[in-house]
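K.L.:
If you scroll down you'll find the structure; I have some questions about it.
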Amino acid sequence: MDNKFFTSKTQNEYYLKVSFECFICVEANNGKSCGTLLSNLDFKKGKFSQFLKDAEKELNTIKSMMTLKVVGSSSFLREVKSEVEELTFKDQKYVQRDDKFEVVFYPNEGKLRVSKEEAKKDDNKVINVLIVDDSKTIRNLLTKVLSKSERINIVATAEKPSEVEALIKEHKPDVITLDIHMPEMNGVDLLKTIYPKYKIPTIMITSISIEEGPLVLEALESGAFDYIQKPKIEELSVVGPLMIDKVIEASKFKTNRRSSSSIINRSNNVFNKDCTIVIGSSTGGTTALKDILCGLPSDIPPVLIVQHIPAVFSKAFADRLNGLCPFTVSEAIDGDVVESNHVYIAPGGQQMKIKERSGKKIIQITDDAPVNRFKPSVDYMFQSFENAASKENLIAVILTGMGKDGAKGIRKLKDLGALTIAQSEESCVVFGMPKEAIALGGATEVVHKENIAEKMVEFSQSFKRKQAS
């Protein structure tokens with residue numbers, strides 16, 4: 001062990017304060033062990049592999065007779081697990097710490113004590129909410145629903161857009177709920193005025209009409225965190241908890257995660273079109289999907305997408321993408337034959353699955369029950385591909401979103417031969433769905449949103465190489 005990393009308290013005890021690093025130790029059967037600290041840069045330079053070689057010499061043993069113990073951030077643990085996937089240890093133990101942590105290490109006894117993970121400040125923080133809606137009934141209803149959470153405090157309500165800025169300055173809300181249709185100006189125009197200035201996470205409130213579809217999509221592209229349907233009394237038992245969840249998630253949102261609109265550079269590389277791409281997404285997904293699809297080459301294999309979206313918005317979303325992309329993007333229709341150069345968006349409020357008939361993939365739209373509370377559901381679509389004859393030429397992608405829909409499905413597809421991608425935490429609006437997929441071992445690679453289009457092309461070419469060999 002390299003003592004330069006540690007402050008020695010006694011001859012055989014080492015006390016470490018670690019910040020965004022990884023502590024690794026290996027323990028032999030006789031209880032003795034050695035350890036080291038590694039930075040991300042050290043890891044990329046191969047110092048982890050060198051440490052394992054040195055440890056075998058130091059402890060006079062082999063890896064299959066050693067226990068590997070690792071303490072570090074979630075991203076570092078993924079790197080280590082990937083590195084040791086082909087290695088055989090007696091046992092492996094991992095402790096995740098995504099912030100500063102303390103370790104007491106006893107190399108002669110093989111003992112390791114790790115400080116408890118501090119509760120995140122966001123987990124108990126009271127969330128101050130400003131409600132903006134021209135309807136007194138809706139203002140009262142939103143107040144009633146959101147106040148059921150002990151974490152949410154309604155600091156003010158506004159009837160008109162002209163009242164909002166003064167209330168922001170006075171109450172400094174953590175989250176705003178914003179109606180789309182109001183007097184003076186609509187909610188999207190108000191968002192464009194206040195969001196660049198105050199960067200407050202904002203949830204759009206919509207009545208779910210066909211006319212509002214394009215406005216909601218414009219709001220999401222202008223910085224809105226998400227949208228929710230105006231609640232009806234008879235729906236409160238279902239809609240209420242979802243509204244509370246969205247407000248809590250919005251309060252955690254770091255505005256620097258959502259990059260401003262920019263010119264998308266389309267990939268010049270060539271797809272192997274003898275594959276199929278399936279994508280699942282939720283909160284933040286409409287913007288992520290637009291960026292990814294606009295980064296694809298003009299000639300693509302078939303792409304099937306489940307985005308958690310209300311019924312009347314899915315067609316508006318597909319139409320918007322169709323106007324931006326050189327290939328066809330449409331809301332999927334029951335009986336569609338899956339073809340290259342076509343992207344199929346699952347219709348909101350329905351389920352989408354795939355069936356194979358005479359060697360062709362056929363889309364089926366059903367009214368089956370929600371899965372993981374969602375309709376359409378990512379897991380529902382992924383599950384339908386488990387029996388597809390060409391799943392070994394399948395690329396599955398899980399993008400930003402709340403919850404865990406798609407995590408189990410993408411893990412199963414990976415086990416069956418699919419290549420899989422999870423969007424990286426720093427590029428997600430909400431890391432929930434990718435995080436769950438990664439935790440289950442469902443991601444072949446974790447990729448930043450800006451690189452997902454290129455990674456899909458690369459994965460498709462690996463299928464081509466396998467076929468050639």
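So you can find residues: chains in the structure tokens are A, B, ... in the order shown, residues in each start at 1, and ligands are numbered from 1 in order.
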Quick one: residues within 8 Å of region 396-406 of chain A, only C-alpha atoms, excluding same-chain residues fewer than 2 positions away - as a VMD selection string?
P.N.:
chain A and resid 277 to 285 288 371 to 372 374 377 to 379 382 394 408 to 410 413 418 to 423 428 to 434 436 to 437
K.L.:
Please identify all polymer residues within 12 Å of region 298-302 of chain A, counting only C-alpha atoms, omitting same-chain residues fewer than 3 positions from it, and present them as JSON, numbers by chain.
P.N.:
{"A": [265, 266, 267, 268, 269, 270, 271, 272, 273, 274, 275, 276, 277, 278, 279, 293, 294, 295, 305, 324, 325, 326, 327, 328, 329, 330, 336, 337, 338, 339, 340, 341, 342, 343, 344, 345, 360, 361, 362, 363, 393, 394, 395, 453, 456, 457, 460, 461]}
K.L.:
Can you pull out every residue within 12 Å of Gly46 (chain A), counting only C-alpha atoms, but drop anything in the same chain fewer than 6 positions away, and send it as a VMD selection string?
P.N.:
chain A and resid 38 to 40 52 to 53 79 to 80 83
K.L.:
From the set A:Val132, A:Ile210, A:Ile138, A:Val238, which residue has the shortest atom-to-atom contact distance to Gly187 (chain A), counting only C-alpha atoms?
P.N.:
A:Val132
K.L.:
Enter the distance from CA of Thr67 (chain A) to CA of Lys44 (chain A), in Å, rounded to one decimal.
P.N.:
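Distance between the two atoms: 22.4 Å.
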K.L.:
List every residue of region 149-363 of chain A that DSSP, applied to the backbone of this structure, assigns to helix (DSSP H, G or I), and report them as a ChimeraX atom specification.
P.N.:
/A:161-171,187-198,212-221,233-252,255-257,285-294,311-322
K.L.:
From a DSSP pass on the backbone, collect the residues of region 262-389 of chain A flagged as strand (DSSP E or B) and hand them back as a ChimeraX atom specification.
P.N.:
/A:276-281,303-307,328-331,337,342-345,351-357,360-366,371,374
K.L.:
Taking N, CA, C and O atoms for each residue, export the selection above as a compact mmCIF listing (two decimals), in the first residue's frame.
P.N.:
```
# COMPACT_ATOMS: atom_id res chain seq x y z
N THR A 276 -32.84 -3.22 -35.28
CA THR A 276 -34.00 -2.44 -34.85
C THR A 276 -33.61 -1.69 -33.59
O THR A 276 -32.88 -2.21 -32.74
N ILE A 277 -34.09 -0.45 -33.45
CA ILE A 277 -33.81 0.37 -32.27
C ILE A 277 -35.10 0.58 -31.49
O ILE A 277 -36.13 0.95 -32.08
N VAL A 278 -35.07 0.34 -30.18
CA VAL A 278 -36.22 0.61 -29.32
C VAL A 278 -35.78 1.56 -28.21
O VAL A 278 -34.70 1.39 -27.62
N ILE A 279 -36.60 2.57 -27.94
CA ILE A 279 -36.23 3.63 -26.99
C ILE A 279 -37.38 3.87 -26.02
O ILE A 279 -38.54 3.92 -26.42
N GLY A 280 -37.04 4.04 -24.74
CA GLY A 280 -38.02 4.41 -23.72
C GLY A 280 -37.61 5.68 -23.01
O GLY A 280 -36.43 5.87 -22.70
N SER A 281 -38.57 6.56 -22.73
CA SER A 281 -38.24 7.83 -22.07
C SER A 281 -39.47 8.40 -21.37
O SER A 281 -40.60 8.01 -21.64
N VAL A 303 -37.07 2.55 -35.89
CA VAL A 303 -36.95 2.99 -34.49
C VAL A 303 -38.35 3.01 -33.88
O VAL A 303 -39.27 3.61 -34.44
N LEU A 304 -38.52 2.36 -32.74
CA LEU A 304 -39.78 2.38 -32.02
C LEU A 304 -39.58 3.06 -30.68
O LEU A 304 -38.63 2.74 -29.96
N ILE A 305 -40.46 4.01 -30.35
CA ILE A 305 -40.28 4.84 -29.16
C ILE A 305 -41.52 4.79 -28.28
O ILE A 305 -42.65 4.94 -28.77
N VAL A 306 -41.30 4.57 -26.98
CA VAL A 306 -42.35 4.78 -25.98
C VAL A 306 -41.93 5.98 -25.14
O VAL A 306 -40.92 5.93 -24.44
N GLN A 307 -42.69 7.06 -25.26
CA GLN A 307 -42.51 8.25 -24.44
C GLN A 307 -43.76 8.38 -23.57
O GLN A 307 -44.87 8.32 -24.08
N THR A 328 -39.10 9.55 -41.85
CA THR A 328 -40.49 9.69 -41.43
C THR A 328 -40.64 9.41 -39.93
O THR A 328 -40.12 8.43 -39.42
N VAL A 329 -41.34 10.29 -39.24
CA VAL A 329 -41.70 10.09 -37.84
C VAL A 329 -43.22 10.18 -37.75
O VAL A 329 -43.81 11.17 -38.20
N SER A 330 -43.85 9.16 -37.19
CA SER A 330 -45.30 9.17 -37.10
C SER A 330 -45.78 8.51 -35.83
O SER A 330 -45.05 7.72 -35.21
N GLU A 331 -47.00 8.83 -35.43
CA GLU A 331 -47.64 8.11 -34.35
C GLU A 331 -47.98 6.73 -34.87
O GLU A 331 -48.55 6.58 -35.94
N VAL A 337 -46.48 -2.09 -40.54
CA VAL A 337 -45.32 -2.95 -40.79
C VAL A 337 -44.07 -2.12 -40.51
O VAL A 337 -43.90 -1.03 -41.07
N HIS A 342 -37.98 4.93 -40.74
CA HIS A 342 -39.25 5.29 -40.13
C HIS A 342 -39.12 5.19 -38.61
O HIS A 342 -38.58 4.21 -38.08
N VAL A 343 -39.61 6.21 -37.91
CA VAL A 343 -39.66 6.23 -36.45
C VAL A 343 -41.13 6.16 -36.05
O VAL A 343 -41.96 6.93 -36.54
N TYR A 344 -41.45 5.24 -35.12
CA TYR A 344 -42.82 5.02 -34.69
C TYR A 344 -42.96 5.44 -33.22
O TYR A 344 -42.29 4.88 -32.35
N ILE A 345 -43.84 6.41 -32.95
CA ILE A 345 -44.08 6.89 -31.58
C ILE A 345 -45.33 6.19 -31.04
O ILE A 345 -46.40 6.24 -31.67
N GLN A 351 -51.09 0.98 -25.27
CA GLN A 351 -49.87 0.20 -25.21
C GLN A 351 -49.42 -0.18 -26.62
O GLN A 351 -50.25 -0.36 -27.52
N MET A 352 -48.10 -0.29 -26.81
CA MET A 352 -47.55 -0.67 -28.11
C MET A 352 -46.63 -1.87 -27.93
O MET A 352 -45.77 -1.88 -27.06
N LYS A 353 -46.82 -2.90 -28.77
CA LYS A 353 -45.94 -4.06 -28.76
C LYS A 353 -45.67 -4.51 -30.18
O LYS A 353 -46.28 -4.01 -31.14
N ILE A 354 -44.76 -5.46 -30.29
CA ILE A 354 -44.34 -5.94 -31.61
C ILE A 354 -44.68 -7.41 -31.75
O ILE A 354 -44.60 -8.19 -30.79
N LYS A 355 -45.11 -7.79 -32.93
CA LYS A 355 -45.35 -9.20 -33.27
C LYS A 355 -44.62 -9.48 -34.57
O LYS A 355 -44.48 -8.59 -35.42
N GLU A 356 -44.15 -10.72 -34.73
CA GLU A 356 -43.51 -11.11 -35.99
C GLU A 356 -44.44 -12.01 -36.78
O GLU A 356 -45.01 -12.96 -36.24
N ARG A 357 -44.59 -11.67 -38.06
CA ARG A 357 -45.47 -12.42 -38.93
C ARG A 357 -44.83 -12.53 -40.31
O ARG A 357 -44.51 -11.50 -40.92
N LYS A 360 -41.80 -10.47 -40.86
CA LYS A 360 -41.91 -9.02 -40.73
C LYS A 360 -42.37 -8.66 -39.32
O LYS A 360 -43.11 -9.41 -38.68
N LYS A 361 -41.91 -7.51 -38.86
CA LYS A 361 -42.34 -7.01 -37.56
C LYS A 361 -43.60 -6.16 -37.76
O LYS A 361 -43.61 -5.22 -38.56
N ILE A 362 -44.62 -6.48 -36.98
CA ILE A 362 -45.91 -5.78 -37.07
C ILE A 362 -46.20 -5.11 -35.73
O ILE A 362 -46.07 -5.73 -34.67
N ILE A 363 -46.59 -3.86 -35.78
CA ILE A 363 -46.93 -3.13 -34.55
C ILE A 363 -48.38 -3.45 -34.15
O ILE A 363 -49.29 -3.43 -34.99
N GLN A 364 -48.56 -3.71 -32.87
CA GLN A 364 -49.90 -3.90 -32.32
C GLN A 364 -50.14 -2.82 -31.27
O GLN A 364 -49.34 -2.65 -30.35
N ILE A 365 -51.25 -2.13 -31.40
CA ILE A 365 -51.67 -1.12 -30.43
C ILE A 365 -52.84 -1.72 -29.65
O ILE A 365 -53.82 -2.17 -30.23
N THR A 366 -52.71 -1.76 -28.33
CA THR A 366 -53.73 -2.40 -27.49
C THR A 366 -54.22 -1.44 -26.41
O THR A 366 -53.62 -0.40 -26.15
N VAL A 371 -48.71 -0.57 -17.14
CA VAL A 371 -47.61 -1.33 -16.56
C VAL A 371 -46.69 -0.31 -15.87
O VAL A 371 -46.33 0.70 -16.47
N PHE A 374 -47.88 3.14 -16.14
CA PHE A 374 -47.81 3.89 -17.38
C PHE A 374 -48.52 3.20 -18.54
O PHE A 374 -48.53 1.98 -18.66
```
K.L.:
Name all residues at most 10 Å from region 158-174 of chain A (count only C-alpha atoms; drop same-chain ones fewer than 4 positions away) and give them as a ChimeraX atom specification.
P.N.:
/A:126-136,139,152-154,178-179,182-187,189-191,193-194,198-202,247-248,250-253
K.L.:
Provide the CA of Leu87 (chain A) to CA of Met65 (chain A) distance in Å, to one decimal place.
P.N.:
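So the answer is 11.7 Å.
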K.L.:
Using only C-alpha atoms, which of the listed residues (A:Ala28, A:Leu321, A:Ile180, A:Leu37) sits closest to Ala55 (chain A)?
P.N.:
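The shortest atom-to-atom distance to Ala55 (chain A) comes from A:Ala28.
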K.L.:
Interatomic distance between CA of Glu56 (chain A) and CA of Leu41 (chain A)?
P.N.:
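A separation of 22.8 Å between them.
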